[in-house]
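Scroll down for the structure; my scribbles are underneath it.
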Amino acid sequence: MKRIILYIHGKDGSYLEAERYKKNCPGFDIIGIDYHGYFPWIVQNQIQAAYDQVHERYDCVYLIANSIGAYFAMHTLQNCDIAKALFISPVLDMERLILDMMSWANVSEKDLRERGEIPTDFGETLSWKYLCFVRENPITWNVPTEILYAGNDNLVSRQTVNEFICDHNAHLTVMENGEHWFHTDEQLSYLDAWMKKAIE
């Protein structure tokens, strides 16, 4: 059986990160999707094209996605034949995240609707079009999913993750002293061990 993993990186990440995970996934080919842009209605075409290409040539497709890459993956591939998904620090509820960021920036829905886009002090630009898109395109995710979450994640709340676990065929692993971006030697070692077990 020919098996492949599609890797979808997070914000400011790179498709080349897939190379780092090869050692954790024996028996699989792995490719990173080199998508451009951060609006789901743009990214979805690039992810769908990559999936269509590998689906023709492989018997089994797995998915690894990081942060916002998990949201893009669920939005685009929810009706595709994915055998299993591994999510690292995933954005699981985009509407909740946007509303949280609006709260952090003290921006009301009325303000955002009237202005369209509002830049924030923490580097994100809030978008009324984005919020409307998320609400108008709900996700139904039925893929067996393994989630690696960091106890010190400052972007996605533990409550959001727990709600997702309750409503989906998903299993949660938590690195309590981890951060949203797994980058220290200790965090990466933990991630590698989790992935080797989760990929089985």
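Each chain in the structure tokens gets a letter, A, B, ..., in the order shown, and its residues are numbered from 1; ligands are numbered from 1 in order too.
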**Request:** For Glu17 in chain A, please output as a list in words all residues within 12 Å (counting only C-alpha atoms; exclusion window: fewer than 6 positions along the same chain).
**Result:** Leu6, Tyr7, Ile8, His9, Gly10, Ile30, Ile31, Gly32, Ile33, Asp34, Ile64, Ala65, Asn66 and His183 of chain A
May I have the residues within 7 Å of Ala85 in chain A as a PDB file with all heavy atoms, in the first residue's frame, using only C-alpha atoms and disregarding those fewer than 3 positions away in the same chain?
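After the write, around.pdb holds the following:
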ATOM      1  N   TYR A  62      -2.739  10.560   4.751  1.00  0.00           N
ATOM      2  CA  TYR A  62      -2.776  11.098   6.107  1.00  0.00           C
ATOM      3  C   TYR A  62      -2.538  12.601   6.028  1.00  0.00           C
ATOM      4  O   TYR A  62      -2.104  13.130   4.999  1.00  0.00           O
ATOM      5  CB  TYR A  62      -1.680  10.474   6.983  1.00  0.00           C
ATOM      6  CG  TYR A  62      -2.014   9.166   7.641  1.00  0.00           C
ATOM      7  CD1 TYR A  62      -2.730   8.171   6.975  1.00  0.00           C
ATOM      8  CD2 TYR A  62      -1.606   8.900   8.945  1.00  0.00           C
ATOM      9  CE1 TYR A  62      -3.019   6.960   7.588  1.00  0.00           C
ATOM     10  CE2 TYR A  62      -1.879   7.694   9.566  1.00  0.00           C
ATOM     11  CZ  TYR A  62      -2.579   6.728   8.885  1.00  0.00           C
ATOM     12  OH  TYR A  62      -2.855   5.527   9.495  1.00  0.00           O
ATOM     13  N   LEU A  63      -2.775  13.262   7.155  1.00  0.00           N
ATOM     14  CA  LEU A  63      -2.642  14.713   7.202  1.00  0.00           C
ATOM     15  C   LEU A  63      -1.918  15.117   8.478  1.00  0.00           C
ATOM     16  O   LEU A  63      -2.215  14.604   9.556  1.00  0.00           O
ATOM     17  CB  LEU A  63      -4.055  15.311   7.188  1.00  0.00           C
ATOM     18  CG  LEU A  63      -4.240  16.816   7.165  1.00  0.00           C
ATOM     19  CD1 LEU A  63      -3.715  17.398   5.862  1.00  0.00           C
ATOM     20  CD2 LEU A  63      -5.729  17.130   7.315  1.00  0.00           C
ATOM     21  N   ILE A  64      -0.944  16.007   8.366  1.00  0.00           N
ATOM     22  CA  ILE A  64      -0.362  16.681   9.526  1.00  0.00           C
ATOM     23  C   ILE A  64      -0.548  18.175   9.295  1.00  0.00           C
ATOM     24  O   ILE A  64      -0.211  18.686   8.220  1.00  0.00           O
ATOM     25  CB  ILE A  64       1.134  16.358   9.714  1.00  0.00           C
ATOM     26  CG1 ILE A  64       1.340  14.863   9.977  1.00  0.00           C
ATOM     27  CG2 ILE A  64       1.719  17.176  10.864  1.00  0.00           C
ATOM     28  CD1 ILE A  64       2.813  14.455  10.064  1.00  0.00           C
ATOM     29  N   VAL A 143     -12.905  12.977  10.408  1.00  0.00           N
ATOM     30  CA  VAL A 143     -11.655  12.222  10.275  1.00  0.00           C
ATOM     31  C   VAL A 143     -11.100  11.868  11.663  1.00  0.00           C
ATOM     32  O   VAL A 143     -11.048  12.735  12.543  1.00  0.00           O
ATOM     33  CB  VAL A 143     -10.617  13.062   9.498  1.00  0.00           C
ATOM     34  CG1 VAL A 143      -9.269  12.349   9.444  1.00  0.00           C
ATOM     35  CG2 VAL A 143     -11.121  13.385   8.104  1.00  0.00           C
ATOM     36  N   PRO A 144     -10.681  10.630  11.887  1.00  0.00           N
ATOM     37  CA  PRO A 144      -9.993  10.298  13.146  1.00  0.00           C
ATOM     38  C   PRO A 144      -8.782  11.216  13.325  1.00  0.00           C
ATOM     39  O   PRO A 144      -7.951  11.326  12.419  1.00  0.00           O
ATOM     40  CB  PRO A 144      -9.565   8.846  12.947  1.00  0.00           C
ATOM     41  CG  PRO A 144     -10.488   8.306  11.904  1.00  0.00           C
ATOM     42  CD  PRO A 144     -10.799   9.450  10.993  1.00  0.00           C
ATOM     43  N   THR A 145      -8.710  11.880  14.476  1.00  0.00           N
ATOM     44  CA  THR A 145      -7.725  12.955  14.645  1.00  0.00           C
ATOM     45  C   THR A 145      -6.980  12.833  15.961  1.00  0.00           C
ATOM     46  O   THR A 145      -7.588  12.603  17.012  1.00  0.00           O
ATOM     47  CB  THR A 145      -8.443  14.332  14.581  1.00  0.00           C
ATOM     48  OG1 THR A 145      -9.128  14.453  13.322  1.00  0.00           O
ATOM     49  CG2 THR A 145      -7.454  15.473  14.724  1.00  0.00           C
ATOM     50  N   GLU A 146      -5.664  12.994  15.893  1.00  0.00           N
ATOM     51  CA  GLU A 146      -4.808  13.085  17.074  1.00  0.00           C
ATOM     52  C   GLU A 146      -4.373  14.542  17.230  1.00  0.00           C
ATOM     53  O   GLU A 146      -3.921  15.162  16.262  1.00  0.00           O
ATOM     54  CB  GLU A 146      -3.573  12.197  16.923  1.00  0.00           C
ATOM     55  CG  GLU A 146      -3.865  10.706  16.909  1.00  0.00           C
ATOM     56  CD  GLU A 146      -4.138  10.148  18.295  1.00  0.00           C
ATOM     57  OE1 GLU A 146      -3.822  10.831  19.291  1.00  0.00           O
ATOM     58  OE2 GLU A 146      -4.673   9.021  18.376  1.00  0.00           O
TER      59      GLU A 146
END
**Request:** Give me every strand (DSSP E or B) residue in range 32-178 of chain A, going by DSSP on the backbone, as an NGL selection string.
**Result:** :A and (32 or 60-66 or 84-88 or 117-119 or 125-127 or 145-150 or 170-175)
Resulting file, chosen residues, C-alpha atoms, as a CSV table (one decimal), in the first residue's frame:
chain,number,residue,atom,x,y,z
A,32,GLY,CA,4.5,20.0,2.4
A,60,CYS,CA,-3.9,6.1,1.7
A,61,VAL,CA,-3.6,9.8,2.6
A,62,TYR,CA,-2.8,11.1,6.1
A,63,LEU,CA,-2.6,14.7,7.2
A,64,ILE,CA,-0.4,16.7,9.5
A,65,ALA,CA,-1.3,20.3,10.1
A,66,ASN,CA,0.0,23.0,12.4
A,84,LYS,CA,-6.1,10.1,9.8
A,85,ALA,CA,-5.1,13.6,10.8
A,86,LEU,CA,-2.5,14.8,13.3
A,87,PHE,CA,-2.9,18.4,14.5
A,88,ILE,CA,-0.2,20.4,16.3
A,117,GLU,CA,-10.6,45.7,8.4
A,118,ILE,CA,-8.9,46.8,11.7
A,119,PRO,CA,-5.2,46.3,12.4
A,125,THR,CA,-5.6,42.5,11.0
A,126,LEU,CA,-9.2,41.8,11.9
A,127,SER,CA,-11.5,41.3,8.9
A,145,THR,CA,-7.7,13.0,14.6
A,146,GLU,CA,-4.8,13.1,17.1
A,147,ILE,CA,-4.2,16.5,18.7
A,148,LEU,CA,-1.0,17.8,20.4
A,149,TYR,CA,-1.8,20.8,22.5
A,150,ALA,CA,0.4,23.0,24.7
A,170,ALA,CA,-10.3,12.9,18.4
A,171,HIS,CA,-7.7,12.1,21.0
A,172,LEU,CA,-5.8,14.7,22.9
A,173,THR,CA,-2.2,14.8,24.2
A,174,VAL,CA,-1.1,17.8,26.2
A,175,MET,CA,2.4,19.0,26.9
**Prompt:** Could you pull the residues within 12 Å of His36 in chain A, counting only C-alpha atoms, minus those fewer than 5 positions along the same chain, as a PyMOL selection string?
**Reply:** chain A and resi 8-15+41-47+69+72
With C-alpha atoms retained, could you export that selection as a PDB file, in the first residue's frame?
ATOM      1  CA  ILE A   8      -0.016  22.028   6.050  1.00  0.00           C
ATOM      2  CA  HIS A   9       2.064  24.601   7.906  1.00  0.00           C
ATOM      3  CA  GLY A  10       0.926  27.449  10.147  1.00  0.00           C
ATOM      4  CA  LYS A  11       1.312  31.200   9.842  1.00  0.00           C
ATOM      5  CA  ASP A  12       4.854  32.254   8.910  1.00  0.00           C
ATOM      6  CA  GLY A  13       5.735  28.561   8.558  1.00  0.00           C
ATOM      7  CA  SER A  14       7.052  26.701   5.534  1.00  0.00           C
ATOM      8  CA  TYR A  15       6.191  23.616   3.530  1.00  0.00           C
ATOM      9  CA  TRP A  41     -11.108  31.136   0.215  1.00  0.00           C
ATOM     10  CA  ILE A  42      -7.704  31.576  -1.439  1.00  0.00           C
ATOM     11  CA  VAL A  43      -5.761  28.825   0.336  1.00  0.00           C
ATOM     12  CA  GLN A  44      -8.460  26.192  -0.219  1.00  0.00           C
ATOM     13  CA  ASN A  45      -7.752  25.954  -3.952  1.00  0.00           C
ATOM     14  CA  GLN A  46      -4.054  25.312  -3.368  1.00  0.00           C
ATOM     15  CA  ILE A  47      -4.706  22.657  -0.708  1.00  0.00           C
ATOM     16  CA  GLY A  69      -3.063  25.000   8.936  1.00  0.00           C
ATOM     17  CA  PHE A  72      -7.420  25.363   6.493  1.00  0.00           C
TER      18      PHE A  72
END
**Prompt:** Tell me, which residues of range 87-199 of chain A carry DSSP alpha helix (DSSP H), written as a PyMOL selection string?
**Reply:** chain A and resi 94-104+109-115+128-136+158-167+185-198
**Message:** Give me, as a ChimeraX atom specification, all polymer residues having an atom no more than 12 Å from Ile139 in chain A, counting only C-alpha atoms and skipping those fewer than 5 positions away in the same chain.
**Reply:** /A:70-79,92-95,133-134,164,168
**Prompt:** Which is closest to Glu56 in chain A among A:Ile4, A:Gly123, A:Tyr21, A:Ala105, if we use only C-alpha atoms?
**Reply:** A:Ile4
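If you measure from each of A:Ala18, A:Tyr51, A:Ile5, A:Arg96 to Gln159 in chain A using only C-alpha atoms, the closest one turns out to be A:Arg96.
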